[in-house]
>>> print(open('coords.cif').read())   # mmCIF, C-alpha atoms and all ligand atoms
data_input
loop_
_atom_site.group_PDB
_atom_site.id
_atom_site.type_symbol
_atom_site.label_atom_id
_atom_site.label_comp_id
_atom_site.auth_asym_id
_atom_site.auth_seq_id
_atom_site.Cartn_x
_atom_site.Cartn_y
_atom_site.Cartn_z
ATOM 1 C CA MET I 1 -2.250 11.680 -21.630
ATOM 2 C CA SER I 2 -2.248 11.921 -17.824
ATOM 3 C CA LYS I 3 -0.012 9.658 -15.722
ATOM 4 C CA THR I 4 -1.426 6.322 -14.609
ATOM 5 C CA ALA I 5 -1.237 5.014 -11.050
ATOM 6 C CA VAL I 6 -2.226 1.515 -9.938
ATOM 7 C CA ILE I 7 -3.131 1.291 -6.251
ATOM 8 C CA THR I 8 -3.923 -1.960 -4.417
ATOM 9 C CA GLY I 9 -6.197 -2.006 -1.364
ATOM 10 C CA GLY I 10 -7.901 1.120 -2.667
ATOM 11 C CA THR I 11 -11.412 0.497 -1.382
ATOM 12 C CA ARG I 12 -11.092 2.024 2.095
ATOM 13 C CA GLY I 13 -8.747 3.572 4.636
ATOM 14 C CA ILE I 14 -5.320 4.722 3.496
ATOM 15 C CA GLY I 15 -5.784 3.265 0.009
ATOM 16 C CA LEU I 16 -9.099 5.003 -0.690
ATOM 17 C CA GLU I 17 -7.681 8.354 0.400
ATOM 18 C CA THR I 18 -4.616 7.764 -1.790
ATOM 19 C CA VAL I 19 -6.806 6.935 -4.795
ATOM 20 C CA ARG I 20 -8.746 10.154 -4.205
ATOM 21 C CA LEU I 21 -5.640 12.341 -3.797
ATOM 22 C CA PHE I 22 -3.886 10.945 -6.895
ATOM 23 C CA ALA I 23 -7.052 11.366 -9.002
ATOM 24 C CA GLU I 24 -7.505 14.931 -7.713
ATOM 25 C CA ASN I 25 -3.900 15.604 -8.721
ATOM 26 C CA GLY I 26 -4.356 14.588 -12.328
ATOM 27 C CA TYR I 27 -3.528 10.885 -12.283
ATOM 28 C CA HIS I 28 -5.716 8.296 -13.954
ATOM 29 C CA VAL I 29 -6.065 5.752 -11.133
ATOM 30 C CA VAL I 30 -6.765 2.032 -11.373
ATOM 31 C CA PHE I 31 -7.382 0.622 -7.912
ATOM 32 C CA TYR I 32 -7.864 -2.897 -6.619
ATOM 33 C CA GLY I 33 -10.073 -4.300 -3.876
ATOM 34 C CA SER I 34 -10.771 -7.824 -2.730
ATOM 35 C CA ARG I 35 -14.407 -8.026 -3.945
ATOM 36 C CA LYS I 36 -16.657 -6.414 -6.558
ATOM 37 C CA GLU I 37 -19.034 -5.140 -3.849
ATOM 38 C CA THR I 38 -16.329 -3.202 -1.991
ATOM 39 C CA VAL I 39 -14.916 -1.863 -5.267
ATOM 40 C CA ASP I 40 -18.386 -0.626 -6.270
ATOM 41 C CA LYS I 41 -18.854 0.998 -2.854
ATOM 42 C CA ALA I 42 -15.525 2.836 -3.250
ATOM 43 C CA LEU I 43 -16.377 3.905 -6.809
ATOM 44 C CA ALA I 44 -19.580 5.477 -5.478
ATOM 45 C CA GLN I 45 -17.471 7.545 -3.051
ATOM 46 C CA LEU I 46 -15.122 8.613 -5.846
ATOM 47 C CA ASP I 47 -17.857 9.868 -8.145
ATOM 48 C CA GLY I 48 -16.613 12.389 -10.707
ATOM 49 C CA LEU I 49 -12.948 11.335 -10.503
ATOM 50 C CA GLU I 50 -11.003 9.550 -13.239
ATOM 51 C CA VAL I 51 -10.761 6.148 -11.546
ATOM 52 C CA GLU I 52 -11.367 2.492 -12.389
ATOM 53 C CA GLY I 53 -11.768 -0.383 -9.943
ATOM 54 C CA LYS I 54 -10.705 -4.040 -10.242
ATOM 55 C CA TRP I 55 -10.849 -7.068 -7.937
ATOM 56 C CA THR I 56 -8.315 -9.439 -9.536
ATOM 57 C CA ASP I 57 -6.529 -11.733 -7.045
ATOM 58 C CA LEU I 58 -3.270 -9.855 -6.364
ATOM 59 C CA THR I 59 -1.318 -13.112 -6.086
ATOM 60 C CA ASP I 60 -2.506 -14.495 -9.443
ATOM 61 C CA GLU I 61 0.641 -13.819 -11.482
ATOM 62 C CA GLU I 62 -0.878 -14.423 -14.877
ATOM 63 C CA ALA I 63 -4.027 -12.374 -14.253
ATOM 64 C CA ILE I 64 -2.099 -9.443 -12.746
ATOM 65 C CA ARG I 65 0.368 -9.427 -15.656
ATOM 66 C CA ARG I 66 -2.561 -9.431 -18.078
ATOM 67 C CA ASP I 67 -4.285 -6.582 -16.193
ATOM 68 C CA PHE I 68 -1.156 -4.410 -15.991
ATOM 69 C CA ARG I 69 -0.294 -5.000 -19.682
ATOM 70 C CA GLN I 70 -3.815 -4.015 -20.658
ATOM 71 C CA ILE I 71 -3.665 -0.874 -18.464
ATOM 72 C CA ALA I 72 -0.331 0.157 -19.998
ATOM 73 C CA GLU I 73 -1.562 -0.485 -23.531
ATOM 74 C CA THR I 74 -4.801 1.443 -23.056
ATOM 75 C CA ARG I 75 -3.220 4.325 -21.160
ATOM 76 C CA GLY I 76 0.144 4.472 -22.950
ATOM 77 C CA SER I 77 2.118 3.912 -19.713
ATOM 78 C CA LEU I 78 1.957 2.563 -16.177
ATOM 79 C CA ASP I 79 3.788 5.228 -14.185
ATOM 80 C CA VAL I 80 3.180 4.421 -10.527
ATOM 81 C CA LEU I 81 2.355 1.249 -8.583
ATOM 82 C CA ILE I 82 1.367 1.510 -4.927
ATOM 83 C CA ASN I 83 1.313 -1.814 -3.081
ATOM 84 C CA ASN I 84 -1.002 -0.862 -0.256
ATOM 85 C CA ALA I 85 -3.337 -3.822 0.375
ATOM 86 C CA GLY I 86 -2.534 -5.426 3.702
ATOM 87 C CA ILE I 87 -4.009 -7.133 6.722
ATOM 88 C CA SER I 88 -2.793 -6.847 10.290
ATOM 89 C CA ASP I 89 -3.043 -9.293 13.153
ATOM 90 C CA ARG I 90 -3.091 -9.536 16.960
ATOM 91 C CA GLN I 91 -3.091 -13.321 17.578
ATOM 92 C CA PRO I 92 -0.696 -14.412 20.394
ATOM 93 C CA PHE I 93 2.282 -16.412 19.127
ATOM 94 C CA LEU I 94 1.540 -19.542 21.183
ATOM 95 C CA ASP I 95 -1.901 -19.758 19.529
ATOM 96 C CA TYR I 96 -0.522 -19.046 16.069
ATOM 97 C CA ASP I 97 -1.002 -21.464 13.188
ATOM 98 C CA LEU I 98 0.631 -21.793 9.815
ATOM 99 C CA GLU I 99 -2.565 -21.109 7.889
ATOM 100 C CA ARG I 100 -2.818 -17.665 9.520
ATOM 101 C CA PHE I 101 0.885 -16.974 8.983
ATOM 102 C CA ASP I 102 0.638 -17.938 5.294
ATOM 103 C CA ARG I 103 -2.531 -15.889 4.729
ATOM 104 C CA ILE I 104 -0.933 -12.702 6.052
ATOM 105 C CA MET I 105 2.345 -13.246 4.219
ATOM 106 C CA ARG I 106 0.464 -13.956 0.992
ATOM 107 C CA LEU I 107 -1.340 -10.601 0.931
ATOM 108 C CA ASN I 108 1.337 -8.460 2.587
ATOM 109 C CA VAL I 109 4.432 -9.889 0.866
ATOM 110 C CA THR I 110 3.566 -12.201 -2.052
ATOM 111 C CA ALA I 111 1.087 -9.707 -3.563
ATOM 112 C CA PRO I 112 3.611 -6.804 -3.614
ATOM 113 C CA TYR I 113 6.166 -9.200 -5.125
ATOM 114 C CA VAL I 114 3.764 -10.291 -7.898
ATOM 115 C CA CYS I 115 2.509 -6.760 -8.610
ATOM 116 C CA SER I 116 5.997 -5.208 -8.517
ATOM 117 C CA GLN I 117 7.360 -7.737 -10.995
ATOM 118 C CA ALA I 118 4.394 -7.293 -13.353
ATOM 119 C CA ALA I 119 4.819 -3.498 -13.183
ATOM 120 C CA ALA I 120 8.625 -3.554 -13.433
ATOM 121 C CA VAL I 121 8.543 -5.430 -16.772
ATOM 122 C CA ILE I 122 6.436 -2.600 -18.213
ATOM 123 C CA MET I 123 8.362 0.188 -16.446
ATOM 124 C CA LYS I 124 11.703 -1.128 -17.724
ATOM 125 C CA ASP I 125 10.382 -1.115 -21.310
ATOM 126 C CA GLN I 126 8.960 2.409 -21.018
ATOM 127 C CA GLY I 127 12.148 3.671 -19.337
ATOM 128 C CA HIS I 128 10.695 4.977 -16.083
ATOM 129 C CA GLY I 129 8.468 4.089 -13.143
ATOM 130 C CA VAL I 130 7.820 4.409 -9.438
ATOM 131 C CA ILE I 131 6.933 1.555 -7.087
ATOM 132 C CA LEU I 132 5.746 2.478 -3.589
ATOM 133 C CA ASN I 133 5.018 0.087 -0.734
ATOM 134 C CA THR I 134 3.025 0.462 2.457
ATOM 135 C CA SER I 135 5.220 -0.624 5.322
ATOM 136 C CA SER I 136 4.436 0.157 8.988
ATOM 137 C CA MET I 137 6.124 1.367 12.138
ATOM 138 C CA VAL I 138 5.966 -2.299 13.244
ATOM 139 C CA GLY I 139 8.650 -2.835 10.566
ATOM 140 C CA THR I 140 10.952 -0.940 12.950
ATOM 141 C CA TYR I 141 9.641 -1.851 16.400
ATOM 142 C CA GLY I 142 7.944 -5.237 15.978
ATOM 143 C CA GLN I 143 4.758 -5.773 17.962
ATOM 144 C CA PRO I 144 3.911 -7.887 21.013
ATOM 145 C CA ALA I 145 1.359 -10.162 19.238
ATOM 146 C CA GLY I 146 0.341 -11.078 15.693
ATOM 147 C CA VAL I 147 3.862 -12.049 14.639
ATOM 148 C CA ALA I 148 3.180 -12.442 10.908
ATOM 149 C CA TYR I 149 2.298 -8.765 10.576
ATOM 150 C CA PRO I 150 5.679 -7.288 11.640
ATOM 151 C CA VAL I 151 7.463 -10.130 9.826
ATOM 152 C CA SER I 152 5.581 -9.169 6.654
ATOM 153 C CA LYS I 153 6.434 -5.477 7.015
ATOM 154 C CA TRP I 154 10.106 -6.296 7.591
ATOM 155 C CA ALA I 155 9.906 -8.246 4.336
ATOM 156 C CA VAL I 156 8.306 -5.242 2.612
ATOM 157 C CA ASN I 157 11.211 -3.083 3.808
ATOM 158 C CA GLY I 158 13.676 -5.659 2.460
ATOM 159 C CA MET I 159 11.878 -5.781 -0.871
ATOM 160 C CA THR I 160 11.864 -1.967 -1.053
ATOM 161 C CA LYS I 161 15.589 -1.606 -0.440
ATOM 162 C CA SER I 162 16.563 -4.543 -2.668
ATOM 163 C CA LEU I 163 14.377 -3.576 -5.630
ATOM 164 C CA ALA I 164 15.585 0.032 -5.352
ATOM 165 C CA ARG I 165 19.101 -1.286 -5.967
ATOM 166 C CA GLU I 166 18.150 -3.743 -8.681
ATOM 167 C CA LEU I 167 15.718 -1.529 -10.610
ATOM 168 C CA GLY I 168 17.511 1.809 -10.194
ATOM 169 C CA PRO I 169 19.555 1.308 -13.392
ATOM 170 C CA PHE I 170 16.236 1.079 -15.303
ATOM 171 C CA ASN I 171 15.098 4.445 -13.887
ATOM 172 C CA ILE I 172 12.576 2.774 -11.615
ATOM 173 C CA ARG I 173 12.453 4.215 -8.089
ATOM 174 C CA VAL I 174 11.228 2.058 -5.190
ATOM 175 C CA ASN I 175 10.278 3.535 -1.809
ATOM 176 C CA ALA I 176 8.012 2.762 1.133
ATOM 177 C CA VAL I 177 5.909 4.785 3.530
ATOM 178 C CA ALA I 178 5.773 3.485 7.099
ATOM 179 C CA PRO I 179 2.596 4.763 8.782
ATOM 180 C CA GLY I 180 2.140 4.898 12.536
ATOM 181 C CA VAL I 181 -1.330 4.408 14.027
ATOM 182 C CA THR I 182 -3.638 5.816 11.354
ATOM 183 C CA ALA I 183 -7.324 6.653 11.725
ATOM 184 C CA THR I 184 -8.847 4.096 9.389
ATOM 185 C CA ASP I 185 -12.074 2.202 10.267
ATOM 186 C CA MET I 186 -10.227 -0.055 12.695
ATOM 187 C CA VAL I 187 -8.873 2.847 14.764
ATOM 188 C CA ARG I 188 -12.108 4.862 14.469
ATOM 189 C CA ALA I 189 -13.969 1.888 15.987
ATOM 190 C CA LEU I 190 -11.880 2.104 19.179
ATOM 191 C CA PRO I 191 -13.344 3.893 22.237
ATOM 192 C CA GLU I 192 -12.515 7.601 22.242
ATOM 193 C CA GLU I 193 -10.575 7.311 25.544
ATOM 194 C CA MET I 194 -8.344 4.674 23.999
ATOM 195 C CA VAL I 195 -7.546 6.827 20.937
ATOM 196 C CA GLU I 196 -6.864 9.712 23.339
ATOM 197 C CA ARG I 197 -4.471 7.525 25.376
ATOM 198 C CA ILE I 198 -2.684 6.386 22.194
ATOM 199 C CA SER I 199 -2.452 10.029 21.031
ATOM 200 C CA GLN I 200 -0.848 11.153 24.285
ATOM 201 C CA GLY I 201 2.044 8.748 23.644
ATOM 202 C CA ILE I 202 2.748 10.322 20.238
ATOM 203 C CA PRO I 203 4.945 13.468 20.205
ATOM 204 C CA LEU I 204 2.533 15.215 17.791
ATOM 205 C CA ARG I 205 -0.348 14.236 20.161
ATOM 206 C CA ARG I 206 -2.597 12.789 17.481
ATOM 207 C CA VAL I 207 -2.924 9.640 15.410
ATOM 208 C CA GLY I 208 -2.254 9.900 11.690
ATOM 209 C CA GLU I 209 -4.984 10.570 9.142
ATOM 210 C CA PRO I 210 -5.197 8.602 5.874
ATOM 211 C CA SER I 211 -4.496 11.881 4.055
ATOM 212 C CA ASP I 212 -1.131 12.197 5.917
ATOM 213 C CA ILE I 213 -0.074 8.920 4.321
ATOM 214 C CA ALA I 214 -1.606 9.725 0.929
ATOM 215 C CA HIS I 215 0.367 12.996 0.704
ATOM 216 C CA ALA I 216 3.613 11.138 1.425
ATOM 217 C CA PHE I 217 2.825 8.773 -1.454
ATOM 218 C CA LEU I 218 1.993 11.699 -3.736
ATOM 219 C CA PHE I 219 5.348 13.326 -2.999
ATOM 220 C CA LEU I 220 7.344 10.096 -3.422
ATOM 221 C CA ALA I 221 5.603 9.480 -6.759
ATOM 222 C CA SER I 222 6.412 12.972 -8.016
ATOM 223 C CA ASP I 223 9.359 14.135 -10.124
ATOM 224 C CA GLU I 224 10.380 16.308 -7.147
ATOM 225 C CA ALA I 225 11.319 13.052 -5.377
ATOM 226 C CA GLY I 226 13.395 12.049 -8.416
ATOM 227 C CA TYR I 227 16.589 11.288 -6.438
ATOM 228 C CA ILE I 228 14.851 9.399 -3.625
ATOM 229 C CA THR I 229 14.913 5.625 -3.868
ATOM 230 C CA GLY I 230 15.297 2.815 -1.339
ATOM 231 C CA ALA I 231 13.816 5.035 1.379
ATOM 232 C CA ILE I 232 11.369 3.954 4.065
ATOM 233 C CA LEU I 233 9.661 7.168 5.092
ATOM 234 C CA PRO I 234 8.096 7.127 8.573
ATOM 235 C CA VAL I 235 4.809 9.040 8.708
ATOM 236 C CA ASP I 236 4.061 8.473 12.373
ATOM 237 C CA GLY I 237 4.402 11.764 14.313
ATOM 238 C CA ALA I 238 7.711 10.395 15.729
ATOM 239 C CA THR I 239 5.906 7.550 17.515
ATOM 240 C CA GLN I 240 8.257 5.320 19.493
ATOM 241 C CA VAL I 241 6.975 2.134 21.074
HETATM 242 P P1 LIG H 1 -7.983 -1.233 5.638
HETATM 243 O O1 LIG H 1 -8.327 -2.522 6.297
HETATM 244 O O2 LIG H 1 -8.838 -0.036 5.898
HETATM 245 O O3 LIG H 1 -7.883 -1.455 4.050
HETATM 246 C C1 LIG H 1 -7.208 -2.573 3.545
HETATM 247 C C2 LIG H 1 -7.322 -2.627 2.051
HETATM 248 O O4 LIG H 1 -6.734 -3.856 1.637
HETATM 249 C C3 LIG H 1 -8.758 -2.624 1.563
HETATM 250 O O5 LIG H 1 -8.865 -1.825 0.401
HETATM 251 C C4 LIG H 1 -9.028 -4.073 1.193
HETATM 252 O O6 LIG H 1 -9.877 -4.226 0.067
HETATM 253 C C5 LIG H 1 -7.648 -4.578 0.846
HETATM 254 N N1 LIG H 1 -7.594 -6.010 1.125
HETATM 255 C C6 LIG H 1 -7.792 -6.636 2.312
HETATM 256 N N2 LIG H 1 -7.713 -7.977 2.139
HETATM 257 C C7 LIG H 1 -7.474 -8.184 0.812
HETATM 258 C C8 LIG H 1 -7.286 -9.335 0.006
HETATM 259 N N3 LIG H 1 -7.316 -10.567 0.512
HETATM 260 N N4 LIG H 1 -7.039 -9.161 -1.314
HETATM 261 C C9 LIG H 1 -6.987 -7.933 -1.852
HETATM 262 N N5 LIG H 1 -7.152 -6.801 -1.145
HETATM 263 C C10 LIG H 1 -7.394 -6.928 0.162
HETATM 264 O O7 LIG H 1 -6.475 -0.975 6.000
HETATM 265 P P2 LIG H 1 -5.586 0.355 6.162
HETATM 266 O O8 LIG H 1 -5.482 0.623 7.614
HETATM 267 O O9 LIG H 1 -6.006 1.421 5.235
HETATM 268 O O10 LIG H 1 -4.193 -0.265 5.717
HETATM 269 C C11 LIG H 1 -3.632 -0.089 4.434
HETATM 270 C C12 LIG H 1 -2.173 -0.436 4.518
HETATM 271 O O11 LIG H 1 -1.562 0.396 5.523
HETATM 272 C C13 LIG H 1 -1.887 -1.879 4.935
HETATM 273 O O12 LIG H 1 -0.793 -2.369 4.202
HETATM 274 C C14 LIG H 1 -1.535 -1.748 6.412
HETATM 275 O O13 LIG H 1 -0.685 -2.784 6.831
HETATM 276 C C15 LIG H 1 -0.838 -0.408 6.427
HETATM 277 N N6 LIG H 1 -0.797 0.260 7.737
HETATM 278 C C16 LIG H 1 -1.932 0.682 8.359
HETATM 279 C C17 LIG H 1 -1.834 1.308 9.595
HETATM 280 C C18 LIG H 1 -3.055 1.813 10.334
HETATM 281 O O14 LIG H 1 -2.930 2.190 11.517
HETATM 282 N N7 LIG H 1 -4.226 1.868 9.720
HETATM 283 C C19 LIG H 1 -0.588 1.500 10.194
HETATM 284 C C20 LIG H 1 0.551 1.055 9.526
HETATM 285 C C21 LIG H 1 0.433 0.441 8.286
#
>>> encode(input="coords.cif", output="structure tokens", more="lines below")
Ligand code: NAD
Amino acid sequence: MSKTAVITGGTRGIGLETVRLFAENGYHVVFYGSRKETVDKALAQLDGLEVEGKWTDLTDEEAIRRDFRQIAETRGSLDVLINNAGISDRQPFLDYDLERFDRIMRLNVTAPYVCSQAAAVIMKDQGHGVILNTSSMVGTYGQPAGVAYPVSKWAVNGMTKSLARELGPFNIRVNAVAPGVTATDMVRALPEEMVERISQGIPLRRVGEPSDIAHAFLFLASDEAGYITGAILPVDGATQV
């Protein structure tokens, strides 16, 4: 049977491209979105590929454990988990409130924690597994507003490095990809001049494409990356801010 990858935040942007690339490369992919409507919309764009969509709350421990167990039982294994769902933020710190902080931390940090634990139980039993996280260049540089977002990505980096050490003895590798500015809907909605100005500040003179990030995930999931764990791979054209 083909390998199975679970990908969160798979309905658009980086996640959707990653779902597509993994499915095109022989994985059976189960992806998650926040709502049935967005999952259905993504499924329509993935027509003909071996994919399934779910919209379980990623922070519901019991439901996620049940889902992952069922996936592993049906498929024979759960080989790869990609914690990709995430929200960013731009709110100035002096206008920040705890509700906003908690909401961002819950999706960007608590969800990867819940999903990684649910996957790791299965991966330990089967004797192998790969967990990949979506970090960000803000996990290196911080950003001048929207404090919860860089805080959350720093936490993702910490989780990546710590779980790599703790789960390595069970043959579970844990890595992260840290995208720079990537042309998802949010960036595509910006005026062309602004994207051009951003691009001029990047040594490779362009923003990243979702497929740049998806290929990094595909490599890190592969056996060729078998001795790589605890790494946070920048995919940002050497952006420095
Ligand atoms: P996007 O907004 O296009 O997609 C986000 C995905 O997360 C969607 O599939 C959505 O369904 C899911 N999601 C959002 N809220 C959710 C919720 N409450 N519950 C479950 N799922 C939810 O974003 P993107 O730009 O593709 O970003 C994907 C990841 O890449 C994020 O972790 C983001 O922080 C990271 N990232 C993006 C960029 C960029 O420039 N686009 C740069 C660095 C890092």
>>> closest_residue(input="coords.cif", among="I:Tyr96, I:Ala23, I:Thr229, I:Thr239", to="Gln200 of chain I", atoms="all atoms listed in the file")
I:Thr239
>>> closest_atom_pairs(input="coords.cif", of="chain I", to="ligand LIG 1 (chain H)", cutoff="7 Å", atoms="all atoms listed in the file", output="CSV")
residue,atom,partner,partner_atom,distance
I:Thr8,CA,H:LIG1,N5,6.7
I:Gly9,CA,H:LIG1,O5,3.2
I:Gly10,CA,H:LIG1,O5,4.4
I:Thr11,CA,H:LIG1,O5,3.9
I:Arg12,CA,H:LIG1,O5,4.8
I:Gly13,CA,H:LIG1,O9,3.5
I:Ile14,CA,H:LIG1,O9,3.8
I:Gly15,CA,H:LIG1,O9,5.5
I:Leu16,CA,H:LIG1,O5,6.9
I:Tyr32,CA,H:LIG1,N5,6.8
I:Gly33,CA,H:LIG1,O6,3.9
I:Ser34,CA,H:LIG1,C9,3.9
I:Thr38,CA,H:LIG1,O6,6.8
I:Asp57,CA,H:LIG1,N4,6.3
I:Leu58,CA,H:LIG1,C9,6.2
I:Asn84,CA,H:LIG1,O12,4.7
I:Ala85,CA,H:LIG1,O4,3.6
I:Gly86,CA,H:LIG1,O12,3.6
I:Ile87,CA,H:LIG1,O13,5.5
I:Ser88,CA,H:LIG1,O13,5.7
I:Leu107,CA,H:LIG1,N3,6.0
I:Asn108,CA,H:LIG1,O12,6.7
I:Thr134,CA,H:LIG1,O12,5.1
I:Ser135,CA,H:LIG1,C21,5.7
I:Ser136,CA,H:LIG1,C20,4.0
I:Met137,CA,H:LIG1,C20,6.2
I:Ala178,CA,H:LIG1,C20,6.3
I:Pro179,CA,H:LIG1,C20,4.3
I:Gly180,CA,H:LIG1,C19,4.9
I:Val181,CA,H:LIG1,O14,3.7
I:Thr182,CA,H:LIG1,O14,3.7
I:Ala183,CA,H:LIG1,N7,6.0
I:Thr184,CA,H:LIG1,N7,5.1
I:Asp185,CA,H:LIG1,O2,5.9
I:Met186,CA,H:LIG1,O2,6.9
I:Val187,CA,H:LIG1,O14,6.8
>>> closest_atom_pairs(input="coords.cif", of="segment 16-62 of chain I", to="segment 110-128 of chain I", cutoff="8 Å", atoms="only C-alpha atoms", output="JSON lines")
{"residue": "I:Leu58", "atom": "CA", "partner": "I:Ala111", "partner_atom": "CA", "distance": 5.2}
{"residue": "I:Thr59", "atom": "CA", "partner": "I:Ala111", "partner_atom": "CA", "distance": 4.9}
{"residue": "I:Asp60", "atom": "CA", "partner": "I:Val114", "partner_atom": "CA", "distance": 7.7}
{"residue": "I:Glu61", "atom": "CA", "partner": "I:Val114", "partner_atom": "CA", "distance": 5.9}
>>> closest_residue(input="coords.cif", among="I:Leu220, I:Ala231, I:Ile213, I:Ile71", to="Ser162 of chain I", atoms="only C-alpha atoms")
I:Ala231
>>> residues_around(input="coords.cif", residues="Val130 of chain I", least_positions_apart="2", cutoff="6 Å", atoms="only C-alpha atoms", output="list in words")
Val80, Ile172, Arg173 and Val174 of chain I
>>> closest_residue(input="coords.cif", among="I:Gly26, I:Asn83, I:Trp55, I:Val156", to="Ile232 of chain I", atoms="all atoms listed in the file")
I:Val156
>>> atom_distance(input="coords.cif", atom1="atom CA of Pro210 of chain I", atom2="atom CA of Leu167 of chain I")
28.5 Å
